[in-house]
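A.B. asks: Quick one: structure below, then a few questions.
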Amino acid sequence: MKILLLTDGIFPFVMGGMQKHSFYLAQYLENEGVNVTLAHCVYAPNQLTSTDEVQQKTGLIKTQIDNFNFPSSNPFPGHYLYNSWRYSQLLWDYYKASIQQYDLVYVQGFTAWAWNQNNFKAPIVVNLHGLEMFQTPYSNLDKIEKFLLKIPAKSILKNAKFAQSLGGQLSAIMQPFCKGVFNCGIGIDDAWFNHNLKDKEANTPTKFVFVGRYEFRKGLDVLAEVIQSISNEHQFTIDFIGPIPETLQIKNPKIKYWGSVKEESKIQAILDSADVLLLPSRAEGMPTVILEAMARGLAVIATDVGAVSELVSHENGCLIQADQVNDLKMAMLSYINGNSVTLMSQKRASQTKVKSYLWSQMIHQYIQHFNKFLTA
């Protein structure tokens with residue numbers, strides 16, 4: 001099988017859940033002997049990376065790596081969409097002469113927006129990940145941004161022969177635009193699994209952790225309101241991993257802000273010291289951070305958005321409604337006032353469930369789907 005993998009950058013050169021997914025998909029396809037050509041890009045002001053540098057940092061020795069600069073322009077309303085279209089056109093111009101040699105084109109995000117499935121036989125398989133543009137808007141500005149993002153999203157879904165759903169609420173969103181919808185989640189590298197999960201010490205405060213950047217979509221304002229309402233009467237701690245502006249940080253001895261942490265070993269160490277992941281987001285796809293927390297053995301409090309319900313249930317945490325202060329408060333209090341036996345049961349359930357999402361297992365699902373597409 002010969003696959004063309006179109007990406008908007010790969011980890012560790014470009015940070016993000018989609019970029020991690022691209023990297024691990026390429027890595028594990030390569031491990032399984034699949035012939036992969038990968039389109040990789042960097043963003044200004046970063047300089048174009050050489051193939052040797054990408055191979056050295058990623059270990060993708062057998063993968064054919066083609067490097068591009070993501071187009072840039074002066075900022076203006078819609079400049080991201082404009083440059084995304086330009087990037088997709090750049091990729092088409094580069095690959096159109098050789099497109100017939102590929103059995104399948106796997107598309108991340110908007111990278112094939114300018115492509116036309118009628119121009120070649122290899123099926124386009126698109127992964128738009130979280131589909132946040134179709135989820136409930138939370139402000140007038142967000143409503144406008146989502147409206148604009150729906151334009152390429154609908155076009156790409158209608159043009160693709162097959163579209164990947166991460167599950168949960170996302171499949172129903174995609175069905176009207178692409179009939180070839182298939183369910184397949186994202187994966188997590190096997191190295192994230194904690195084989196030495198320790199029991200929570202009795203009579204110690206519950207330790208929560210939040211991982212992510214500061215943006216309204218992440219629901220940090222809801223979390224802040226809950227913290228203010230319970231911090232005086234209850235014992236707990238919260239670690240925040242991510243670039244939270246100092247002016248927005250809560251001054252409380254129970255809270256620690258780590259800032260941006262790029263070293264995975266350090267993130268793992270912080271997670272290992274925690275009990276429960278907090279993810280009060282207003283919109284998500286299938287968050288990598290939940291899989292990472294589950295692999296380290298954490299229970300999870302998360303909102304029922306996107307494909308989160310595929311990962312979180314009463315067995316390993318609490319699934320709550322988005323934008324509901326009281327729901328988040330009650331969920332956190334259930335752990336603060338709960339017993340360690342129940343917590344450890346949920347922590348172990350997280351690890352049991354996440355085993356099916358380890359890339360060593362997930363890659364076989366991907367290959368099975370790809371083989372079906374070649375004969376469809």
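Identifiers in the structure tokens: chain A, B, ... in order shown; residue index from 1 per chain; ligand index from 1 in order shown.
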Could you produce a table of the residues of region 130-178 of chain A lying within 10 Å of region 265-282 of chain A, with the nearest pair of atoms per residue and their separation in Å rounded to one decimal, using only C-alpha atoms, ordered by chain and increasing residue number, as a Markdown table?
C.D. replies:
| residue | atom | partner | partner_atom | distance |
| --- | --- | --- | --- | --- |
| A:Glu132 | CA | A:Arg282 | CA | 9.4 |
| A:Gln135 | CA | A:Arg282 | CA | 8.7 |
| A:Thr136 | CA | A:Arg282 | CA | 8.0 |
| A:Pro137 | CA | A:Arg282 | CA | 8.6 |
| A:Tyr138 | CA | A:Arg282 | CA | 7.8 |
A.B. asks: List every residue of region 103-337 of chain A that DSSP, applied to the backbone of this structure, assigns to helix (DSSP H, G or I), and report them as a count of residues only.
C.D. replies: 84
A.B. asks: Which residues, written as a list in words, have at least one atom at most 9 Å from Phe373 (chain A), with only C-alpha atoms counted and residues fewer than 3 positions away on the same chain left out?
C.D. replies: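 Near Phe373 (chain A), the qualifying residues are Leu104, Pro123, Val125, Lys161, Phe162, Gln368, His369, Phe370 and Ala376 of chain A.
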A.B. asks: DSSP on the backbone, strand (DSSP E) only: what residues of region 72-162 of chain A does that give? Format it as a PyMOL selection string.
C.D. replies: chain A and resi 104-108+124-127+162
A.B. asks: Those same residues, written as a compact mmCIF listing (two decimals), in the first residue's frame with C-alpha atoms?
C.D. replies:
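Saved to result.txt:
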# COMPACT_ATOMS: atom_id res chain seq x y z
CA LEU A 104 -4.80 6.41 -0.97
CA VAL A 105 -4.58 10.06 0.08
CA TYR A 106 -5.04 10.67 3.82
CA VAL A 107 -5.90 14.30 4.51
CA GLN A 108 -5.45 16.17 7.79
CA ILE A 124 -9.40 10.85 -0.49
CA VAL A 125 -9.76 10.00 3.21
CA VAL A 126 -10.23 13.15 5.29
CA ASN A 127 -9.84 13.68 9.01
CA PHE A 162 -14.35 8.67 3.00
A.B. asks: Go through A:Met294, A:Val42, A:Met1, A:Ile188 one by one, measure the shortest atom-to-atom distance of each to Gln361 (chain A) using only C-alpha atoms, and give the residue with the smallest value.
C.D. replies: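 Checking each candidate against Gln361 (chain A), we get A:Ile188 as the closest.
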A.B. asks: Identify which of the residues A:Tyr28, A:Phe70, A:Phe11, A:Tyr102 lies closest to Ile367 (chain A), counting only C-alpha atoms when measuring atom-to-atom distances.
C.D. replies: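 Ranked by minimum distance to Ile367 (chain A), first place goes to A:Tyr28.
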A.B. asks: For region 64-68 of chain A, find every residue with an atom within 8 Å (counting only C-alpha atoms), except residues of its own chain fewer than 4 positions away, and show them as a list in words.
C.D. replies: Val36, Thr37, Leu38, Ala39, His40, Cys41, Val42, Leu48, Thr49, Ser50, Thr51 and Val54 of chain A
A.B. asks: Distance CA of Asp93 (chain A)-CA of Thr63 (chain A), one decimal place?
C.D. replies: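 If I compute the distance from CA of Asp93 (chain A) to CA of Thr63 (chain A), I get 20.7 Å.
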A.B. asks: Show me, as a list in words, the residues that have an atom within 12 Å of Phe240 (chain A) when counting only C-alpha atoms, minus same-chain residues fewer than 6 positions from it.
C.D. replies: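 Non-adjacent residues within range: Lys207, Phe208, Val209, Phe210, Val211, Gly212, Arg213, Tyr214, Leu220, Leu223, Ala224, Glu246, Gln249, Ile250, Lys254, Ile255, Lys256, Tyr257, Trp258, Gly259, Ser260, Val261, Ile267, Ile270, Leu271, Ala274, Leu277, Leu278 and Leu279 of chain A.
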A.B. asks: Distance table requested - region 211-324 of chain A against region 338-353 of chain A, cut-off 10 Å, only C-alpha atoms: one row per qualifying residue with the closest atom pair and its distance in Å to one decimal, ordered by chain and rising residue number, as a tab-separated table.
C.D. replies:
residue	atom	partner	partner_atom	distance
A:Asp275	CA	A:Lys347	CA	7.8
A:Val276	CA	A:Lys347	CA	8.4
A:Ile290	CA	A:Ser350	CA	9.6
A:Leu291	CA	A:Ser350	CA	8.7
A:Glu292	CA	A:Gln351	CA	9.9
A:Ala293	CA	A:Ser350	CA	8.4
A:Met294	CA	A:Ser350	CA	4.8
A:Ala295	CA	A:Gln351	CA	5.3
A:Arg296	CA	A:Gln351	CA	7.3
A:Gly297	CA	A:Lys347	CA	4.9
A:Leu298	CA	A:Lys347	CA	4.9
A:Ala299	CA	A:Lys347	CA	4.9
A:Val300	CA	A:Ser350	CA	8.3
A:Glu310	CA	A:Lys353	CA	9.9
A:Leu311	CA	A:Lys353	CA	7.7
A:Val312	CA	A:Ser350	CA	8.3
A:Ser313	CA	A:Gln346	CA	9.6
A:His314	CA	A:Gln346	CA	8.2
A:Glu315	CA	A:Gln346	CA	5.8
A:Asn316	CA	A:Gln346	CA	4.1
A:Gly317	CA	A:Gln346	CA	6.3
A:Cys318	CA	A:Gln346	CA	9.9
A.B. asks: Work out how far CA of Leu328 (chain A) is from CA of Thr204 (chain A), in Å to one decimal.
C.D. replies: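 CA of Leu328 (chain A) lies at a distance of 21.2 Å from CA of Thr204 (chain A).
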A.B. asks: Please report the interatomic distance between CA of Lys150 (chain A) and CA of Ile3 (chain A) in Å with one decimal.
C.D. replies: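 Going from CA of Lys150 (chain A) over to CA of Ile3 (chain A) covers 27.0 Å.
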A.B. asks: Got a sec: who's within 10 Å of region 77-82 of chain A, counting only C-alpha atoms, leaving out chain neighbours fewer than 4 positions off, as a ChimeraX atom specification?
C.D. replies: /A:71-73,86-87,110,145,148-149,151-152
A.B. asks: Using only C-alpha atoms, which protein or nucleic acid residues come within 9 Å of Gly185 (chain A)? Drop anything in the same chain fewer than 6 positions from it, and give the result as an MDAnalysis selection string.
C.D. replies: chainID A and resid 164:167 286 307 310 357 362
A.B. asks: Output C-alpha atoms for every residue in the selection just made, as a short mmCIF file (atom, residue, chain, number, x, y, z; two decimals), in the first residue's frame.
C.D. replies:
data_model
loop_
_atom_site.label_atom_id
_atom_site.label_comp_id
_atom_site.auth_asym_id
_atom_site.auth_seq_id
_atom_site.Cartn_x
_atom_site.Cartn_y
_atom_site.Cartn_z
CA GLN A 164 -13.07 9.76 9.53
CA SER A 165 -15.22 10.37 12.60
CA LEU A 166 -13.66 10.20 16.03
CA GLY A 167 -17.05 9.07 17.37
CA MET A 286 -11.15 13.62 20.86
CA ALA A 307 -16.04 12.55 20.97
CA GLU A 310 -16.02 7.71 23.76
CA TYR A 357 -6.19 3.46 22.02
CA MET A 362 -4.89 1.54 16.75
#
